[in-house]
Amino acid sequence: MMPPIKLTIVMTHPAQYFAPWFRFIAANCSDLELTVLYATQPTAEQQGVGFGKAFDWDVPLTEGYRCRVVRQSQAGDNVHSDSFWGVNVPEIAGAIADSKPDVVLIGGWHSVTQLRALWACRRMGVPVLYRGDTNLNSAPMGWRRPVWETKTGFLLRRFDGFLAVGKRAEEYLRHFGAATDRVFASPHCVDNQFFAQAAAEFQTPAGRIAARQEFGLGADDFVVLFVGKLEWKKRPLDLIRALACAEWQRYGTVSGSAPVFQDSHIGKNQVATAPCSVPMVVPSTHLLVAGAGPLESECRAEAERLGVLTVWAGFLNQSEMSKAFAVADCLVLPSESETWGLAVNEALATGLPCIVSDRVGCAPDLIVPGETGEIFSMGDVAELRVALERVRQRIANGHSYSAACRAKADESSFAAATKGLLAACRAVAKSIPRAVTRALA
């Protein structure tokens, strides 16, 4: 029998989405000997940048698998993906060498530390795998596009194999010439079992009513959930404006011109082109916002101006999220730029349908219109309103999305992601004998 492949995964910091997968690999894949290197471990204040509060994730992040924090946090560290120089850890090269890997997995190059890791592996002759959710929709426009194309192609050619987390990620890899036999499906995943089990206690009739009461929601309300940072690229104002139309529906037919909304971000008037005229009385529509961010004050003002009934729950930690999923009737992610959207995985795992814009990376993988949710054109408030009404109407008619949502979530499982990872490791490890790889390290 062959010894297990020694796999080292390089991360900038511990993350709530990945730790459960690493535990799964350690417990269930004896063909891989896993080590995870974290460049640093942020403080609560550093972790909370953009979330509106300092916090630590309330689920274990470094337990159940072999891992090492290369250096402690320093003043000025920024672990968020939009800060290339936020975590600069030259020691990562030595840590990789110490782990004596057969294969190294790096999730891209949004951090200088990841590039340091990539160059170190190239010097040592260690095969490197890429796994990221960047796609062609997230590419810059104008004069920056050819620069981006050149840089991306150059860097991708430094990798020996590629893990495609979804359809758009695979399209991106093909676009840059990744060989078919070096691209392996490894879907983006969350701990489906954790979210499903945590939500279950709030999904009984009595449990749901009680949980809704905690949020100040009525038993018969149609509850729309927004999860994430309140920032421009998430476009929460689009959702508020779409729900303003839904609120008018409860009072009967509204005649006259469609409402005009002033969007201070784009500096134009945005018009809801479809008239808000559905002559029926429906239960109250509420927006539940689980998140905070720089756009919160503007969102609050717009919701108040338009009369949208809104519960501002603020940031919810992992153990609190399942209650929000359980009390909601659908999740909406209206983002203009979202390379994936793992909140959709979480919601589907609890049986909650999702409405997402066509710019959300997971849309073609996770959303089957009419079965697991709806897809609308990003920025089209009227189309979003129609999607909301379609979901509301189906639920009012007694349809349950739950089984289809859970089944779709199960397709993106830890087992599926690990299967692709193992296949990729086997493919690239063959290119350099394992004994030689360890000697180079």
# chains A, B, ... in the order shown; residues from 1 in each chain; ligands from 1

$ select_by_dssp --residues "segment 97-305 of chain A" --states "strand (DSSP E or B)" --output "VMD selection string"
chain A and resid 103 to 106 128 to 132 161 to 164 183 to 185 222 to 227 260 to 263 268 to 271 285 to 290

$ write_last_selection --atoms "C-alpha atoms" --output "compact mmCIF listing (two decimals), in the first residue's frame"
# COMPACT_ATOMS: atom_id res chain seq x y z
CA VAL A 103 1.46 18.64 -2.55
CA VAL A 104 0.54 22.16 -1.46
CA LEU A 105 -2.90 23.76 -1.93
CA ILE A 106 -3.13 27.57 -2.17
CA VAL A 128 0.86 23.20 -6.18
CA LEU A 129 -2.93 23.08 -6.49
CA TYR A 130 -5.20 26.09 -6.99
CA ARG A 131 -8.68 26.32 -5.46
CA GLY A 132 -10.57 29.58 -5.67
CA GLY A 161 -3.54 21.34 -10.90
CA PHE A 162 -6.83 23.10 -10.32
CA LEU A 163 -9.90 22.52 -8.17
CA ALA A 164 -13.10 23.95 -9.67
CA VAL A 183 -9.10 20.36 -13.51
CA PHE A 184 -11.00 18.52 -10.78
CA ALA A 185 -14.45 19.25 -9.36
CA PHE A 222 -43.64 36.69 4.91
CA VAL A 223 -40.04 37.09 6.08
CA VAL A 224 -37.21 37.89 3.68
CA LEU A 225 -33.68 37.41 5.00
CA PHE A 226 -30.57 39.36 4.02
CA VAL A 227 -27.24 38.00 5.33
CA VAL A 260 -38.52 56.35 -8.74
CA PHE A 261 -35.63 55.67 -6.35
CA GLN A 262 -32.54 57.83 -6.08
CA ASP A 263 -29.43 55.65 -5.97
CA LYS A 268 -28.91 57.95 -11.39
CA ASN A 269 -32.60 57.45 -10.96
CA GLN A 270 -33.49 53.79 -10.85
CA VAL A 271 -37.04 53.04 -11.90
CA THR A 285 -43.82 41.41 4.56
CA HIS A 286 -40.81 41.86 6.81
CA LEU A 287 -37.13 42.19 6.02
CA LEU A 288 -34.77 40.54 8.48
CA VAL A 289 -31.23 41.91 8.18
CA ALA A 290 -28.47 39.77 9.69

$ atom_distance --atom1 "atom CA of Thr40 of chain A" --atom2 "atom CA of Pro90 of chain A"
11.5 Å

$ residues_around --residues "Leu384 of chain A" --least-positions-apart "3" --cutoff "12 Å" --atoms "only C-alpha atoms" --output "PyMOL selection string"
chain A and resi 235-246+272-274+332-335+354-358+373-381+387-391

$ atom_distance --atom1 "atom CA of Gln213 of chain A" --atom2 "atom CA of Cys330 of chain A"
17.7 Å

$ residues_around --residues "Lys151 of chain A" --least-positions-apart "6" --cutoff "12 Å" --atoms "only C-alpha atoms" --output "list in words"
Trp109, Ala139, Arg144, Arg145, Arg157, Arg158 and Phe176 of chain A

$ write_last_selection --atoms "C-alpha atoms" --output "PDB file, in the first residue's frame"
ATOM      1  CA  TRP A 109      -3.158  35.193  -4.694  1.00  0.00           C
ATOM      2  CA  ALA A 139     -12.961  40.574 -13.912  1.00  0.00           C
ATOM      3  CA  ARG A 144      -7.724  47.088 -16.652  1.00  0.00           C
ATOM      4  CA  ARG A 145      -9.175  43.950 -18.283  1.00  0.00           C
ATOM      5  CA  ARG A 157       0.402  28.738 -15.181  1.00  0.00           C
ATOM      6  CA  ARG A 158       2.484  28.480 -12.018  1.00  0.00           C
ATOM      7  CA  PHE A 176      -7.025  30.567 -19.172  1.00  0.00           C
TER       8      PHE A 176
END

$ atom_distance --atom1 "atom CA of Gln47 of chain A" --atom2 "atom CA of Asn88 of chain A"
16.3 Å

$ closest_residue --among "A:Thr204, A:Thr418, A:Ser81, A:Asn135" --to "Glu149 of chain A" --atoms "only C-alpha atoms"
A:Asn135
